[in-house]
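Worksheet: one structure, shown below.
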Amino acid sequence: MRFAAPIVAIAVILSACVTGGDEPSVTGDGSPVAVPSGCTEVPAHVSSEKVTLLSDLAERFNATDPEIDGQCVAITVYRTASGRGAALLAEGWPEDGSAGPAPVLWSPASSAWGGVLNERLAQAGQAPITGDFRRIMLTPLVLAMPEPMADALGWPEADIGWSDVLELAQNPDGWGSVGHPEWGPFKFGKTNPNFSTSGLSATIAIYSAATGSTDPLTLADVESPEVVDYVRGVEAATVHYGSTTLTFLENMLREDLNGRPLNYASAVAVEEVSVIAYNRGDPADTGEASTPPKVPLVAIYPKEGTLFSDNPAFVLDAPWVDDVSAQAARQFVDFVVDDPEIQASVLAFGFRPGNPSVAIGEPISRTNGLDPSQPETELQVPDPAVLAALIDSWEENRKSARVIILLDISGSMQDQAGEGFTKLDLAKQAVDSSLDQFKAGDEVGLWVFSSELNGFDDYLELVPPAALSGNAATIRETVAGLFPQGGTGLYDSTAAAVAAVRDTFDTTRINAVILLSDGVCDDAPGDCDIQPLLSRLASNERDPVRVFTVAYGADADTEALRAIAEASQARLYEAADPRTIDAVFEQVVSNF
Amino acid sequence: MSGWRAGLVGIAVGGVILATGWFLSRSNGEPGSTAGTASPGAVVEVDESIVLACAHVLIPACDSAAEILGVASQRWRPGDPLPEEGVLVAPAAELPAGSDSPIEVAASPIVLSGWRTRWQLLERECGAVDPGCLARLLGSSWSSLGGSDSWGDVKLGLADPTRSESGLLAWATLAPELGAEGLAGALRLSSTDDATLMAELVQFGDSRADVVITTEVAVIGQFRNAIDRGDGRLELAYPAAGPWATYAAVGNGRGADDLIQRLLSEEIAARWTAVGLRPVGGLVGQAAEGMGEAGERSAGPDQTTREELTSVWEDFT
């Protein structure tokens with residue numbers, strides 16, 4: 001049936017894109033799993049936003065000395081991103097322990113992932129392993145907006161939605177159209193739906209809004225020229241995409257604390273719980289003491305409807321799950337959902353309780369910029385075929401990119417990275433495979449840097465940015481022919497690449513540099529002062545060129561690369577183990 | 001909702017608050033509590049070896065009864081066996097095959113329920129909210145009925161009739177008016193059973209479904225919880241005629257017959273009426289008092305009709 005339909009199509013996309021997620025399975029708090037001697041371990045794999053909560057609850061549950069048919073049992077909690085969990089379960093859980101023990105209990109962010117998994121299994125001729133479930137907690141997708149900007153749109157009285165986003169995005173006066181020219185154009189933050197549950201939900205919501213109906217999307221809807229125009233209009237305001245909303249929230253908070261709260265993004269599509277964490281000054285929800293933002297975010301529940309992340313607890317009906325483990329998992333879920341005190345603690349984490357007997361209260365309140373009586377309409381995940389078409393359509397109609405890949409080819413890149421490959425070998429493979437993630441209309445170029453590659457210049461343009469449809473083969477050939485040499489002229493090369501992108505800045509595209517480096521700047525002393533570069537990047541408000549940096553290998557200058565990324569309101573990615581570069585590069589390219 | 005009705009619903013909700021508060025003060029659904037309080041000052045020792053197992057929607061009623069009876073209370077799911085020692089109470093049609101001489105102990109009419117603000121617009125449009133009204137208005141935009149654009153269309157919730165007796169009875173109530181085609185675009189919530197349906201209705205506030213058809217006891221079980229969700233109130237209406245869900249008890253092992261007889265006592269009946277269940281003997285659930293008269297109780301669908309109904313449903317879904 002429609003509302004329970006599995007997301008077939010996205011399974012294909014996710015199998016390619018999410019298996020290498022940046023959230024390896026680890027114990028909830030990073031400490032070794034403690035299972036009392038003689039007890040049966042019952043592994044629970046949960047999405048990252050609730051790993052702290054469920055680790056704590058597992059500890060409390062285990063303290064009751066639970067037994068099933070006289071057998072002592074203990075719940076252990078592992079962090080596994082939703083898409084990655086679905087992919088691993090569909091492909092066969094790794095037996096080498098790299099992803100932790102196979103789950104008995106699986107709790108992704110959204111029950112839609114259960115459908116994804118079952119559909120993938122069906123395609124492989126296997127029986128479904130997710131069925132009935134209980135919800136641990138819920139959180140709706142919202143448009144989080146700095147309060148003054150929401151006020152300017154009539155919040156909280158006015159019904160606000162995607163149509164308002166579209167209007168602002170398309171208005172050449174931007175915020176000037178509502179009396180605030182000083183805020184510039186409307187800038188939107190939204191994650192990549194191939195990687196992120198909130199990105200997927202936001203994409204479905206935007207397409208639904210474009211139809212003017214809350215009925216489930218159809219193929220005709222997705223292909224409608226009017227719908228496509230609407231989607232293009234909203235996506236055109238996107239600052240960049242990415243695999244996690246945390247990037248947006250951290251960049252917003254940094255800008256806020258630097259006294260520029262309205263500079264980076266006007267609105268971001270995130271879960272309601274993220275608004276609470278942001279307003280505490282702790283967008284990663286670490287629980288550590290933090291400085292709250294000067295300008296809080298408020299949640300706008302789009303008037304056209306939205307979707308929930310409903311945090312299901314699936315006790316898997318899988319061959320490796322025995323009766324004792326399944327019963328123990330069910331007992332743990334009952335413990336988590338039925339106990340009002342525990343469900344009240346869910347609230348403290350910013351989620352809406354899964355147990356309806358527990359009232360929605362603080363911190364989900366109007367004083368925190370939220371509205372517990374919202375949303376008024378829930379949208380549905382569309383049929384599998386429609387979802388496939390929707391993702392394809394989004395790929396085609398998302399904001400295009402103009403990117404220079406700036407690759408470090410210094411001598412240290414010839415270091416061995418394992419299995420007979422050098423670091424450069426693995427980086428070349430990562431660049432090659434990442435090209436498939438771009439769309440044909442994206443403009444991509446290739447630069448390299450080491451030392452004095454071109455006269456006194458440490459950098460060299462090998463392939464100028466052009467539509468990938470025409471130059472992908474050239475980039476691949478060129479990359480294949482690279483070899484390590486020289487030093488690390490990091491900063492002047494970065495500055496030159498940014499200047500090149502800025503000189504030909506295209507307002508209709510995401511303008512960016514992907515910088516991969518494995519070392520520390522070893523240029524002439526004057527050229528290894530990072531401050532001029534950071535100043536230039538930070539003053540880049542009118543024509544923002546984002547520098548997404550990759551710290552590659554154990555000797556990379558992570559702090560410098562982080563500073564470069566943050567100054568340009570982008571993000572640092574770390575691949576300390578060179579063997580992870582392929583997966584990390586996928587994450588980087590998810591920004592486009 | 002008219003003033004008298006609102007007042008009576010308030011009284012009903014108050015009753016449920018008391019009952020629910022009492023229920024929540026217990027052991028939070030953990031099977032087999034060690035001791036219970038039958039009445040102030042009278043502690044009844046619990047014999048853990050004797051079990052009162054109940055279907056999902058009856059859990060509050062059975063926890064309450066088990067406390068008086070001094071037995072352990074357990075949730076029973078379709079497909080589970082009878083308790084080794086004790087009694088199972090479940091929808092008559094869901095009892096395990098071969099259950100000997102089930103005895104009807106309670107019933108619950110199939111009712112319509114929905115969120116107050118939206119319900120009032122349906123009433124304005126139809127006079128009374130009944131299956132015919134839903135058949136006419138399901139799928140219509142709320143804005144065309146005087147509501148807000150942001151409410152979307154009129155959306156329905158129903159327990160899955162292929163998995164739940166109450167779902168089948170609800171579908172039997174609605175299907176003659178609506179037909180399968182009427183479900184298209186309107187059915188937004190379908191759950192494994194009536195208690196889950198109502199829990200989900202409340203979990204999602206008024207965003208997922210506007211109206212549901214289900215058992216009276218399931219609706220009353222969520223009255224209090226709804227206060228904190230959606231627009232804060234659930235309304236309820238009885239179809240003029242229709243089937244009721246019936247709950248039967250079957251025993252197994254020592255003392256089962258005695259336990260069943262005690263389930264039919266006035267003391268248990270009083271507890272059950274407080275949580276919206278109608279014990280045999282014609283007592284109206286206290287929680288349901290004042291919400292109008294239940295419609296005429298008709299026989300449930302025969303086997304042929306059941307098969308037709310599930311077939312239509314499966315074709316749709």
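Following the order of the structure tokens, chains are lettered A, B, ..., residues in each are numbered from 1, and ligands are numbered from 1.
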- Item | Contacts of Val51 of chain A within 8 Å, only C-alpha atoms, excl. fewer than 3 positions in-chain, as a VMD selection string | chain A and resid 28 46 to 48 54 to 55 77 to 79
Hey, can you spit out that residue selection with N, CA and C atoms as a short mmCIF file (atom, residue, chain, number, x, y, z; two decimals), in the first residue's frame?
```
data_model
loop_
_atom_site.label_atom_id
_atom_site.label_comp_id
_atom_site.auth_asym_id
_atom_site.auth_seq_id
_atom_site.Cartn_x
_atom_site.Cartn_y
_atom_site.Cartn_z
N GLY A 28 28.07 3.14 21.72
CA GLY A 28 27.43 4.43 21.91
C GLY A 28 28.35 5.50 22.44
N VAL A 46 21.75 1.66 15.89
CA VAL A 46 20.82 2.80 15.88
C VAL A 46 21.47 3.98 15.15
N SER A 47 20.64 4.85 14.60
CA SER A 47 21.17 6.02 13.89
C SER A 47 21.78 6.99 14.90
N SER A 48 22.68 7.82 14.40
CA SER A 48 23.58 8.54 15.29
C SER A 48 22.88 9.48 16.25
N LEU A 54 20.09 5.91 23.65
CA LEU A 54 19.83 4.48 23.75
C LEU A 54 20.95 3.73 24.47
N SER A 55 22.16 4.26 24.39
CA SER A 55 23.24 3.65 25.16
C SER A 55 22.94 3.75 26.65
N VAL A 77 24.74 -1.23 22.22
CA VAL A 77 24.29 -0.24 21.24
C VAL A 77 25.44 0.18 20.33
N TYR A 78 25.20 0.19 19.03
CA TYR A 78 26.19 0.57 18.03
C TYR A 78 25.63 1.69 17.17
N ARG A 79 26.51 2.62 16.81
CA ARG A 79 26.09 3.73 15.94
C ARG A 79 26.24 3.29 14.48
#
```
- With a cut-off of 6 Å and counting only C-alpha atoms, select all residues of chain B in contact with chain A and give the selection as a ChimeraX atom specification. /B:28,150-152,203,206-208,225,228,230,317
Pull N, CA and C atoms from the residues just selected and write them as a CSV table (one decimal), in the first residue's frame.
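Saved the output as part_17.csv:
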```csv
chain,number,residue,atom,x,y,z
B,28,ASN,N,4.0,0.1,34.6
B,28,ASN,CA,4.3,0.5,33.2
B,28,ASN,C,4.3,-0.6,32.2
B,150,SER,N,-3.5,24.4,5.1
B,150,SER,CA,-2.4,23.6,5.6
B,150,SER,C,-2.8,22.3,6.2
B,151,TRP,N,-4.2,22.1,6.2
B,151,TRP,CA,-4.6,20.8,6.7
B,151,TRP,C,-4.7,19.7,5.6
B,152,GLY,N,-4.5,20.1,4.4
B,152,GLY,CA,-4.5,19.2,3.3
B,152,GLY,C,-5.9,18.7,3.0
B,203,GLN,N,0.0,9.9,18.2
B,203,GLN,CA,1.5,10.2,18.1
B,203,GLN,C,1.7,11.3,17.0
B,206,ASP,N,-2.7,15.8,14.5
B,206,ASP,CA,-3.7,15.8,13.5
B,206,ASP,C,-3.1,15.8,12.1
B,207,SER,N,-1.8,15.5,12.0
B,207,SER,CA,-1.1,15.6,10.7
B,207,SER,C,-1.3,14.3,9.8
B,208,ARG,N,-1.5,13.2,10.4
B,208,ARG,CA,-1.5,11.9,9.6
B,208,ARG,C,-2.9,11.6,9.2
B,225,ASN,N,-4.7,11.3,26.2
B,225,ASN,CA,-3.4,11.6,25.5
B,225,ASN,C,-3.6,12.6,24.4
B,228,ASP,N,-2.8,16.5,24.5
B,228,ASP,CA,-1.5,17.1,24.3
B,228,ASP,C,-1.0,17.1,22.9
B,230,GLY,N,-2.1,17.4,18.5
B,230,GLY,CA,-3.0,17.9,17.5
B,230,GLY,C,-3.8,19.1,18.0
B,317,THR,N,-4.8,-2.3,-1.6
B,317,THR,CA,-3.5,-2.1,-1.0
B,317,THR,C,-2.4,-2.8,-1.7
```
- DSSP on the backbone: what in segment 66-253 of chain A comes out helix (DSSP H, G or I), as an MDAnalysis selection string? chainID A and resid 82:91 112:123 147:152 162:170 174:178 181:183 197:211 219:223 225:235 245:253
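Nearest to Gly131 of chain A of all the residues A:Ala237, A:Ser309, A:Ser111, A:Val584 is A:Ser111, counting only C-alpha atoms.
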- Task: Considering only C-alpha atoms, return as JSON, numbers by chain whatever protein or nucleic-acid residues lie within 12 Å of segment 76-84 of chain B, sequence-local ones (same chain, fewer than 6 positions apart) excluded.
- Result: {"A": [132], "B": [31, 48, 49, 50, 51, 52, 53, 54, 55, 56, 57, 58, 59, 62, 90, 91, 92, 93, 94, 95, 96, 97, 98, 99, 100, 163, 164, 165, 192, 193, 249, 250, 251, 252, 253, 254, 255, 256]}
- Item | All residues 10 Å or closer to Ser393 of chain A, only C-alpha atoms, same chain fewer than 4 positions away omitted, as a list in words | Tyr207, Val222, Glu223, Val228, Val231, Leu387, Ala388, Ala389, Asn397 and Arg398 of chain A
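For Arg136 of chain B, the non-local neighbours within 12 Å, defined as residues at least 2 positions apart in the same chain or in other chains and counting only C-alpha atoms, are Leu122, Glu125, Cys126, Val129, Asp130, Pro131, Gly132, Cys133, Leu134, Leu138, Gly139, Ser140, Ser141, Leu145, Val154, Leu174, Glu177, Leu178, Gly179, Gly182, Leu183 and Ala186 of chain B.
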Go ahead and write the selection's residues with N, CA, C and O atoms as a compact mmCIF listing (two decimals), in the first residue's frame.
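Now in out_17.txt:
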```
# COMPACT_ATOMS: atom_id res chain seq x y z
N LEU B 122 -16.83 18.88 9.56
CA LEU B 122 -17.57 17.76 8.97
C LEU B 122 -19.03 17.80 9.43
O LEU B 122 -19.95 17.58 8.64
N GLU B 125 -20.97 20.29 7.63
CA GLU B 125 -21.24 19.89 6.25
C GLU B 125 -22.33 18.81 6.18
O GLU B 125 -23.14 18.80 5.25
N CYS B 126 -22.30 17.88 7.15
CA CYS B 126 -23.16 16.69 7.06
C CYS B 126 -24.29 16.67 8.09
O CYS B 126 -25.15 15.80 8.02
N VAL B 129 -21.62 13.27 11.76
CA VAL B 129 -20.53 12.54 11.11
C VAL B 129 -20.85 11.06 11.16
O VAL B 129 -20.96 10.47 12.24
N ASP B 130 -21.05 10.48 10.01
CA ASP B 130 -21.36 9.04 9.93
C ASP B 130 -20.67 8.49 8.68
O ASP B 130 -20.01 9.24 7.95
N PRO B 131 -20.78 7.20 8.44
CA PRO B 131 -20.08 6.64 7.28
C PRO B 131 -20.45 7.32 5.96
O PRO B 131 -19.60 7.51 5.09
N GLY B 132 -21.71 7.71 5.84
CA GLY B 132 -22.12 8.39 4.61
C GLY B 132 -21.42 9.72 4.45
O GLY B 132 -21.03 10.12 3.35
N CYS B 133 -21.28 10.42 5.55
CA CYS B 133 -20.59 11.71 5.54
C CYS B 133 -19.13 11.52 5.10
O CYS B 133 -18.62 12.25 4.24
N LEU B 134 -18.51 10.51 5.68
CA LEU B 134 -17.11 10.27 5.29
C LEU B 134 -17.00 9.88 3.83
O LEU B 134 -16.10 10.32 3.12
N LEU B 138 -14.37 12.30 2.31
CA LEU B 138 -12.98 11.85 2.35
C LEU B 138 -12.27 12.26 1.06
O LEU B 138 -12.81 12.08 -0.04
N GLY B 139 -11.11 12.78 1.18
CA GLY B 139 -10.33 13.19 0.01
C GLY B 139 -10.60 14.61 -0.42
O GLY B 139 -9.85 15.18 -1.22
N SER B 140 -11.67 15.22 0.13
CA SER B 140 -11.91 16.64 -0.21
C SER B 140 -10.86 17.50 0.47
O SER B 140 -10.30 17.11 1.51
N SER B 141 -10.61 18.66 -0.09
CA SER B 141 -9.66 19.55 0.57
C SER B 141 -10.36 20.22 1.75
O SER B 141 -11.53 20.60 1.66
N LEU B 145 -13.93 22.97 2.69
CA LEU B 145 -14.93 22.77 3.75
C LEU B 145 -14.85 23.87 4.80
O LEU B 145 -15.47 23.77 5.86
N VAL B 154 -9.10 15.64 3.52
CA VAL B 154 -9.70 14.85 4.60
C VAL B 154 -9.14 13.43 4.54
O VAL B 154 -9.28 12.74 3.53
N LEU B 174 -17.87 0.80 6.99
CA LEU B 174 -17.62 1.89 6.05
C LEU B 174 -17.78 1.46 4.59
O LEU B 174 -18.25 2.25 3.76
N GLU B 177 -20.71 2.19 2.12
CA GLU B 177 -20.87 3.60 1.73
C GLU B 177 -19.73 4.07 0.83
O GLU B 177 -19.93 4.86 -0.07
N LEU B 178 -18.53 3.58 1.13
CA LEU B 178 -17.34 4.18 0.52
C LEU B 178 -16.85 3.41 -0.70
O LEU B 178 -16.53 4.00 -1.74
N GLY B 179 -16.74 2.10 -0.57
CA GLY B 179 -16.14 1.31 -1.64
C GLY B 179 -14.64 1.50 -1.67
O GLY B 179 -14.10 2.43 -1.07
N GLY B 182 -13.09 4.76 -2.88
CA GLY B 182 -13.13 5.88 -1.94
C GLY B 182 -11.91 5.95 -1.05
O GLY B 182 -11.60 6.99 -0.47
N LEU B 183 -11.23 4.81 -0.92
CA LEU B 183 -10.03 4.80 -0.09
C LEU B 183 -8.86 5.51 -0.76
O LEU B 183 -7.98 6.05 -0.08
N ALA B 186 -7.33 8.79 0.31
CA ALA B 186 -7.88 9.20 1.61
C ALA B 186 -7.29 8.39 2.75
O ALA B 186 -7.19 8.87 3.87
```
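Counting from atom CA of Gly481 of chain A, the distance to atom CA of Asp432 of chain A is 12.0 Å.
Comparing the minimum interatomic distances between Arg116 of chain B and each of B:Asp315, B:Glu293, B:Glu266, B:Asp210, counting only C-alpha atoms, we find that B:Asp210 sits nearest.
Ranking B:Ala175, B:Ile213, B:Ala245, B:Ile260 by their shortest atom-to-atom distance to Ala159 of chain B, with only C-alpha atoms included, puts B:Ile213 first.
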- Those of segment 27-151 of chain B in DSSP strand (DSSP E or B), formatted as number ranges by chain: B: 35-39, 42-45, 47-54, 71-75, 86-91, 103-115, 141
Quick one: everything within 10 Å of Ser201 of chain A, counting only C-alpha atoms, minus sequence neighbours fewer than 2 positions away in the same chain. Send it as a short mmCIF file (atom, residue, chain, number, x, y, z; two decimals) with all heavy atoms, in the first residue's frame.
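Okay, part_36.cif is ready:
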```cif
data_model
loop_
_atom_site.label_atom_id
_atom_site.label_comp_id
_atom_site.auth_asym_id
_atom_site.auth_seq_id
_atom_site.Cartn_x
_atom_site.Cartn_y
_atom_site.Cartn_z
N SER A 110 14.18 6.71 10.12
CA SER A 110 12.82 6.70 9.58
C SER A 110 12.42 5.28 9.21
O SER A 110 13.23 4.48 8.74
CB SER A 110 12.76 7.59 8.33
OG SER A 110 11.59 7.31 7.59
N PRO A 140 9.65 15.97 13.43
CA PRO A 140 9.27 16.35 12.06
C PRO A 140 10.37 17.16 11.36
O PRO A 140 11.18 17.82 12.03
CB PRO A 140 8.03 17.22 12.26
CG PRO A 140 8.20 17.81 13.62
CD PRO A 140 9.00 16.82 14.43
N LEU A 141 10.38 17.10 10.06
CA LEU A 141 11.26 17.96 9.27
C LEU A 141 10.70 19.38 9.29
O LEU A 141 9.50 19.58 9.09
CB LEU A 141 11.32 17.47 7.82
CG LEU A 141 12.21 18.32 6.92
CD1 LEU A 141 13.65 17.85 7.02
CD2 LEU A 141 11.74 18.27 5.48
N VAL A 142 11.56 20.35 9.52
CA VAL A 142 11.12 21.75 9.55
C VAL A 142 12.07 22.60 8.72
O VAL A 142 13.16 22.16 8.34
CB VAL A 142 11.08 22.31 11.00
CG1 VAL A 142 10.16 21.48 11.87
CG2 VAL A 142 12.48 22.36 11.61
N THR A 191 20.36 19.15 2.66
CA THR A 191 21.31 18.05 2.41
C THR A 191 20.93 17.25 1.17
O THR A 191 19.82 17.35 0.66
CB THR A 191 21.36 17.12 3.63
OG1 THR A 191 20.04 16.88 4.09
CG2 THR A 191 22.20 17.72 4.75
N PRO A 193 19.73 14.25 -0.87
CA PRO A 193 18.77 13.18 -0.55
C PRO A 193 19.33 11.78 -0.76
O PRO A 193 18.74 10.81 -0.28
CB PRO A 193 17.61 13.46 -1.51
CG PRO A 193 18.19 14.24 -2.62
CD PRO A 193 19.30 15.05 -2.03
N SER A 196 21.09 11.61 3.05
CA SER A 196 20.56 12.10 4.32
C SER A 196 19.04 11.92 4.38
O SER A 196 18.33 12.24 3.42
CB SER A 196 20.94 13.58 4.44
OG SER A 196 20.01 14.28 5.20
N THR A 197 18.56 11.44 5.52
CA THR A 197 17.11 11.27 5.69
C THR A 197 16.41 12.62 5.59
O THR A 197 15.37 12.73 4.94
CB THR A 197 16.82 10.63 7.06
OG1 THR A 197 17.52 9.38 7.15
CG2 THR A 197 15.34 10.38 7.24
N SER A 198 16.97 13.65 6.22
CA SER A 198 16.30 14.95 6.15
C SER A 198 16.36 15.52 4.73
O SER A 198 15.43 16.20 4.30
CB SER A 198 16.89 15.93 7.16
OG SER A 198 18.26 16.10 6.93
N GLY A 199 17.44 15.24 4.02
CA GLY A 199 17.54 15.69 2.63
C GLY A 199 16.49 15.02 1.76
O GLY A 199 15.86 15.65 0.90
N THR A 203 13.33 16.90 -0.03
CA THR A 203 13.14 16.81 -1.48
C THR A 203 11.71 16.35 -1.80
O THR A 203 11.05 16.92 -2.68
CB THR A 203 14.17 15.84 -2.10
OG1 THR A 203 15.48 16.27 -1.71
CG2 THR A 203 14.08 15.82 -3.61
N ILE A 204 11.23 15.36 -1.06
CA ILE A 204 9.85 14.91 -1.26
C ILE A 204 8.89 16.08 -0.97
O ILE A 204 7.93 16.32 -1.72
CB ILE A 204 9.53 13.72 -0.33
CG1 ILE A 204 10.34 12.49 -0.74
CG2 ILE A 204 8.04 13.39 -0.36
CD1 ILE A 204 10.32 11.36 0.28
N ALA A 205 9.17 16.80 0.10
CA ALA A 205 8.28 17.90 0.49
C ALA A 205 8.25 19.00 -0.56
O ALA A 205 7.19 19.57 -0.86
CB ALA A 205 8.72 18.46 1.84
N ILE A 206 9.39 19.30 -1.15
CA ILE A 206 9.44 20.36 -2.16
C ILE A 206 8.67 19.94 -3.41
O ILE A 206 7.89 20.71 -3.98
CB ILE A 206 10.90 20.72 -2.50
CG1 ILE A 206 11.58 21.35 -1.28
CG2 ILE A 206 10.97 21.68 -3.69
CD1 ILE A 206 13.09 21.48 -1.39
N ALA A 269 16.80 23.04 5.94
CA ALA A 269 15.82 21.97 6.16
C ALA A 269 16.44 20.94 7.10
O ALA A 269 17.38 20.24 6.72
CB ALA A 269 15.45 21.33 4.82
N VAL A 270 15.95 20.91 8.32
CA VAL A 270 16.50 20.01 9.34
C VAL A 270 15.35 19.41 10.15
O VAL A 270 14.20 19.83 10.03
CB VAL A 270 17.44 20.76 10.33
CG1 VAL A 270 18.64 21.33 9.61
CG2 VAL A 270 16.70 21.86 11.08
N GLU A 271 15.69 18.45 10.99
CA GLU A 271 14.69 17.91 11.90
C GLU A 271 14.50 18.87 13.06
O GLU A 271 15.42 19.59 13.45
CB GLU A 271 15.12 16.53 12.40
CG GLU A 271 15.08 15.50 11.28
CD GLU A 271 15.76 14.19 11.64
OE1 GLU A 271 16.56 14.20 12.59
OE2 GLU A 271 15.50 13.19 10.96
N THR A 306 4.70 18.20 5.74
CA THR A 306 6.09 17.77 5.96
C THR A 306 6.11 16.28 6.30
O THR A 306 5.06 15.63 6.34
CB THR A 306 6.75 18.62 7.06
OG1 THR A 306 8.16 18.40 7.05
CG2 THR A 306 6.21 18.27 8.44
N LEU A 307 7.30 15.76 6.53
CA LEU A 307 7.45 14.34 6.87
C LEU A 307 8.08 14.21 8.26
O LEU A 307 8.74 15.13 8.73
CB LEU A 307 8.33 13.62 5.84
CG LEU A 307 7.71 13.46 4.44
CD1 LEU A 307 8.12 14.61 3.55
CD2 LEU A 307 8.11 12.15 3.80
N PHE A 308 7.87 13.05 8.87
CA PHE A 308 8.45 12.77 10.18
C PHE A 308 9.61 11.79 10.05
O PHE A 308 9.55 10.86 9.24
CB PHE A 308 7.42 12.11 11.09
CG PHE A 308 6.45 13.05 11.76
CD1 PHE A 308 5.27 13.41 11.14
CD2 PHE A 308 6.72 13.55 13.02
CE1 PHE A 308 4.36 14.26 11.75
CE2 PHE A 308 5.82 14.40 13.64
CZ PHE A 308 4.64 14.76 13.01
N SER A 309 10.61 11.95 10.88
CA SER A 309 11.54 10.86 11.18
C SER A 309 10.94 10.17 12.40
O SER A 309 10.83 10.79 13.46
CB SER A 309 12.94 11.39 11.49
OG SER A 309 13.51 11.94 10.34
N LEU A 379 3.12 14.50 4.99
CA LEU A 379 3.23 14.02 3.61
C LEU A 379 3.69 12.56 3.64
O LEU A 379 4.30 12.11 4.61
CB LEU A 379 4.21 14.87 2.82
CG LEU A 379 3.83 16.35 2.70
CD1 LEU A 379 4.97 17.15 2.07
CD2 LEU A 379 2.55 16.52 1.89
N GLN A 380 3.44 11.87 2.53
CA GLN A 380 3.78 10.46 2.47
C GLN A 380 5.01 10.23 1.62
O GLN A 380 5.24 10.94 0.64
CB GLN A 380 2.62 9.68 1.87
CG GLN A 380 1.38 9.71 2.73
CD GLN A 380 0.24 9.01 2.03
OE1 GLN A 380 -0.56 9.61 1.34
NE2 GLN A 380 0.18 7.70 2.22
N VAL A 381 5.75 9.20 1.98
CA VAL A 381 6.84 8.75 1.11
C VAL A 381 6.18 8.15 -0.12
O VAL A 381 5.28 7.32 0.00
CB VAL A 381 7.70 7.69 1.82
CG1 VAL A 381 8.75 7.15 0.87
CG2 VAL A 381 8.34 8.28 3.06
#
```
- Closest of B:Tyr238, B:Trp171, B:Trp115, B:Phe316 to Asp194 of chain B, counting only C-alpha atoms, is B:Trp171
- Query: Which polymer residues have any atom within 12 Å of an atom of Ser265 of chain B, counting only C-alpha atoms, with same-chain residues fewer than 6 positions away left out, as an MDAnalysis selection string?
  - Reply: chainID B and resid 65 68:69 105:106 258:259 271:272 279:281 283
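Here atom CA of Ser469 of chain A is placed at a distance of 24.4 Å from atom CA of Ile581 of chain A.
Taking atom CA of Glu59 of chain A and atom CA of Ser98 of chain A as the two end points, the separation is 23.2 Å.
For the choices A:Val520, A:Val298, A:Ala583, A:Val239, the atom-to-atom distance to Asp555 of chain A is smallest for A:Val520 when using only C-alpha atoms.
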